[in-house]
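This report refers to the structure that appears directly beneath it.
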Amino acid sequence: MRRGPRRRAWESGDREGEMDAFRLVEDGRSCEVPGEVIGGRVRLSAAALESALGYALGPEGLCRGERCFPVRDRAALAPGGAIDLAELARVTGRPLALDAEERAAALGTPVEDRLAALRGLEAPDFCLPDFSGRMHRLSEHRGKKVLLIAYASW
Amino acid sequence: MPITVALDQNADEPRPFVERARPTHPSLLDTEHRVAELYHIVNVPTLIWIDARGVIVRPQDNQFGSDVFTQFHGKASGPYLELVRAWVRDGSGALAPDEVRRYQQLPSAESQLARAERALAWELQRAGRSEAAARHFARAGELAPRDWTIRRGSLPIQGKNPFGPDFFELARQGGAEFPMDEVTPTRVAPRAKL
């Protein structure tokens, strides 16, 4: 992503067509993947995307781990061997927040996944730090009742 | 076992509260709002009961541990604390699965996109791209106008006062409805109109 005053967002012309760093945020983590912005569409290096997020286009479709999404229009998803980010989001049903000018995007979780989990009533596991930096998992407390309290200083 | 999760942008803001409380339970920090998304939390405080099997037995409930702000939100803390004690003692107050489903708040496609916009905004803010961040915080707020983890939670991130004029406007518009308000008997007054 363009950072700070050295790389100004309105210099949108000078980097188009080059595979420069594109920042992807997902699941609370961010990474950089080489990509280009052409006519507002974001195309990411397929190899780097696979390495960073685990998506690979194969005979069964777009796969990540054991989950594969059927791909009807391969040319739209993989123009010239790169991966079109908006098309990836559409194929996988993931919400996409995109700022092509800032060369940054966030991929979210499909509502279907969250609905299935919440309606199943199993408390989703998580791993978070305490104020000493020590990590804690919800599932460590299985066997006890847990009162989960979300709060904030705001 | 209480587990507290602070939906704050860093440890500094909630740390004084945690240190004063000297908890013997896990007090966690959720800067990326992971738990907010996993449990579809749209305001604070939100309390969720999870039984010993790891099953949600009381869904999102907007209840308070003290009466400091009762004149604003209209709920008393005593009855809720009593409810929790009874649950710990003998399991009472846990809801059956069909009741949990009846009263749980659920995400939508828009609210999921709002969370992605918020995540992008947060990343941009940390990269010093505050104008771009503001656009995406605003977009997130348009998609989820009743989600105060987004609309109020983003105020301190942008250097704005979450207890000031921006908040008065939010309070005027109102936060999310909690279906559990029908079930948990803590209301002693209507919510104050600002």
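Ligands are numbered from 1 in the order shown, residues from 1 within each chain, and chains are lettered A, B, ... in the order they appear in the structure tokens.
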| message | Set the cut-off to 7 Å and count only C-alpha atoms: what are the residues of chain B that reach chain A? Output as a count of residues only. | response | 47
| request: Would you please extract all strand (DSSP E or B) residues from range 20-96 of chain B, as assigned by DSSP on the backbone, and give them as a ChimeraX atom specification? | output: /B:27-29,46-50,55-61,75
Atoms kept (C-alpha atoms) for selection, written as a compact mmCIF listing (two decimals), in the first residue's frame:
# COMPACT_ATOMS: atom_id res chain seq x y z
CA SER B 27 -8.69 -10.40 30.09
CA LEU B 28 -8.06 -10.31 26.38
CA LEU B 29 -7.46 -7.67 23.71
CA THR B 46 -22.31 -7.61 25.15
CA LEU B 47 -22.50 -10.78 27.24
CA ILE B 48 -22.78 -14.31 25.89
CA TRP B 49 -23.15 -17.48 27.98
CA ILE B 50 -21.23 -20.56 26.84
CA VAL B 55 -22.46 -24.40 23.41
CA ILE B 56 -24.01 -20.91 23.39
CA VAL B 57 -26.89 -21.00 25.89
CA ARG B 58 -27.66 -17.28 26.10
CA PRO B 59 -27.05 -15.12 23.03
CA GLN B 60 -25.91 -11.49 22.76
CA ASP B 61 -27.23 -9.54 25.77
CA LYS B 75 -31.00 -1.06 32.86
| field | Exercise: range 67-72 of chain B partners within 6 Å, only C-alpha atoms, chain neighbours under 3 positions left out, as a list of chain:residue names | value |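 The residues that qualify are B:Lys75, B:Ala76, B:Ser77, B:Arg191, B:Ala192.
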Mind writing the picked residues with C-alpha atoms as a compact mmCIF listing (two decimals), in the first residue's frame?
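Okay, this is what ended up in out_24.txt:
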# COMPACT_ATOMS: atom_id res chain seq x y z
CA LYS B 75 -31.00 -1.06 32.86
CA ALA B 76 -30.13 -2.20 36.38
CA SER B 77 -27.07 -4.36 37.04
CA ARG B 191 -33.47 4.65 27.42
CA ALA B 192 -32.79 8.38 27.85
| task | Name the residues of range 9-148 of chain A that fall into alpha helix (DSSP H) according to DSSP on the backbone, using the chain letters and numbers of this document, as a ChimeraX atom specification. | result | /A:46-53,74-77,85-92,111-120
Using N, CA and C atoms, can you export the residues from the last selection as an mmCIF file, in the first residue's frame?
data_model
loop_
_atom_site.group_PDB
_atom_site.id
_atom_site.type_symbol
_atom_site.label_atom_id
_atom_site.label_comp_id
_atom_site.auth_asym_id
_atom_site.auth_seq_id
_atom_site.Cartn_x
_atom_site.Cartn_y
_atom_site.Cartn_z
ATOM 1 N N ALA A 46 -0.590 -14.847 -9.390
ATOM 2 C CA ALA A 46 -1.239 -16.091 -8.963
ATOM 3 C C ALA A 46 -0.362 -16.867 -7.997
ATOM 4 N N ALA A 47 0.934 -16.897 -8.280
ATOM 5 C CA ALA A 47 1.851 -17.664 -7.429
ATOM 6 C C ALA A 47 1.944 -17.034 -6.039
ATOM 7 N N ALA A 48 2.059 -15.710 -6.012
ATOM 8 C CA ALA A 48 2.179 -15.028 -4.724
ATOM 9 C C ALA A 48 0.885 -15.132 -3.925
ATOM 10 N N LEU A 49 -0.255 -15.086 -4.629
ATOM 11 C CA LEU A 49 -1.551 -15.206 -3.957
ATOM 12 C C LEU A 49 -1.695 -16.584 -3.336
ATOM 13 N N GLU A 50 -1.259 -17.599 -4.057
ATOM 14 C CA GLU A 50 -1.335 -18.959 -3.526
ATOM 15 C C GLU A 50 -0.465 -19.082 -2.291
ATOM 16 N N SER A 51 0.714 -18.508 -2.384
ATOM 17 C CA SER A 51 1.638 -18.574 -1.262
ATOM 18 C C SER A 51 1.096 -17.815 -0.045
ATOM 19 N N ALA A 52 0.468 -16.676 -0.303
ATOM 20 C CA ALA A 52 0.001 -15.829 0.804
ATOM 21 C C ALA A 52 -1.326 -16.289 1.395
ATOM 22 N N LEU A 53 -2.285 -16.632 0.519
ATOM 23 C CA LEU A 53 -3.640 -16.948 0.999
ATOM 24 C C LEU A 53 -4.061 -18.392 0.759
ATOM 25 N N ARG A 74 -13.114 -18.959 -16.455
ATOM 26 C CA ARG A 74 -11.699 -18.945 -16.075
ATOM 27 C C ARG A 74 -10.980 -17.713 -16.574
ATOM 28 N N ALA A 75 -11.403 -17.239 -17.740
ATOM 29 C CA ALA A 75 -10.734 -16.073 -18.320
ATOM 30 C C ALA A 75 -10.954 -14.845 -17.449
ATOM 31 N N ALA A 76 -12.141 -14.734 -16.834
ATOM 32 C CA ALA A 76 -12.431 -13.579 -15.977
ATOM 33 C C ALA A 76 -11.638 -13.670 -14.674
ATOM 34 N N LEU A 77 -11.491 -14.896 -14.136
ATOM 35 C CA LEU A 77 -10.785 -15.073 -12.869
ATOM 36 C C LEU A 77 -9.281 -14.958 -13.053
ATOM 37 N N LEU A 85 -8.843 -9.915 -8.455
ATOM 38 C CA LEU A 85 -9.254 -9.962 -7.044
ATOM 39 C C LEU A 85 -10.767 -9.901 -6.872
ATOM 40 N N ALA A 86 -11.424 -9.031 -7.610
ATOM 41 C CA ALA A 86 -12.882 -8.912 -7.475
ATOM 42 C C ALA A 86 -13.571 -10.204 -7.918
ATOM 43 N N GLU A 87 -13.022 -10.838 -8.945
ATOM 44 C CA GLU A 87 -13.596 -12.089 -9.433
ATOM 45 C C GLU A 87 -13.358 -13.211 -8.419
ATOM 46 N N LEU A 88 -12.182 -13.207 -7.794
ATOM 47 C CA LEU A 88 -11.918 -14.181 -6.737
ATOM 48 C C LEU A 88 -12.949 -14.024 -5.610
ATOM 49 N N ALA A 89 -13.200 -12.775 -5.240
ATOM 50 C CA ALA A 89 -14.173 -12.521 -4.171
ATOM 51 C C ALA A 89 -15.557 -13.018 -4.588
ATOM 52 N N ARG A 90 -15.934 -12.777 -5.832
ATOM 53 C CA ARG A 90 -17.251 -13.197 -6.315
ATOM 54 C C ARG A 90 -17.370 -14.721 -6.319
ATOM 55 N N VAL A 91 -16.346 -15.388 -6.828
ATOM 56 C CA VAL A 91 -16.358 -16.859 -6.927
ATOM 57 C C VAL A 91 -16.418 -17.515 -5.544
ATOM 58 N N THR A 92 -15.715 -16.922 -4.581
ATOM 59 C CA THR A 92 -15.658 -17.508 -3.237
ATOM 60 C C THR A 92 -16.753 -16.971 -2.322
ATOM 61 N N VAL A 111 -21.166 -14.320 4.580
ATOM 62 C CA VAL A 111 -22.199 -14.352 5.614
ATOM 63 C C VAL A 111 -22.711 -15.777 5.843
ATOM 64 N N GLU A 112 -22.727 -16.591 4.785
ATOM 65 C CA GLU A 112 -23.205 -17.976 4.936
ATOM 66 C C GLU A 112 -22.367 -18.749 5.961
ATOM 67 N N ASP A 113 -21.064 -18.527 5.928
ATOM 68 C CA ASP A 113 -20.177 -19.223 6.874
ATOM 69 C C ASP A 113 -20.487 -18.787 8.297
ATOM 70 N N ARG A 114 -20.650 -17.478 8.494
ATOM 71 C CA ARG A 114 -20.903 -16.974 9.844
ATOM 72 C C ARG A 114 -22.277 -17.412 10.325
ATOM 73 N N LEU A 115 -23.267 -17.407 9.433
ATOM 74 C CA LEU A 115 -24.621 -17.841 9.817
ATOM 75 C C LEU A 115 -24.620 -19.315 10.218
ATOM 76 N N ALA A 116 -23.949 -20.134 9.435
ATOM 77 C CA ALA A 116 -23.919 -21.569 9.748
ATOM 78 C C ALA A 116 -23.300 -21.794 11.122
ATOM 79 N N ALA A 117 -22.221 -21.096 11.398
ATOM 80 C CA ALA A 117 -21.539 -21.265 12.684
ATOM 81 C C ALA A 117 -22.429 -20.801 13.835
ATOM 82 N N LEU A 118 -23.030 -19.615 13.687
ATOM 83 C CA LEU A 118 -23.812 -19.057 14.800
ATOM 84 C C LEU A 118 -25.106 -19.827 15.028
ATOM 85 N N ARG A 119 -25.746 -20.260 13.934
ATOM 86 C CA ARG A 119 -26.986 -21.012 14.107
ATOM 87 C C ARG A 119 -26.725 -22.422 14.626
ATOM 88 N N GLY A 120 -25.509 -22.907 14.432
ATOM 89 C CA GLY A 120 -25.134 -24.201 14.977
ATOM 90 C C GLY A 120 -24.967 -24.159 16.494
#
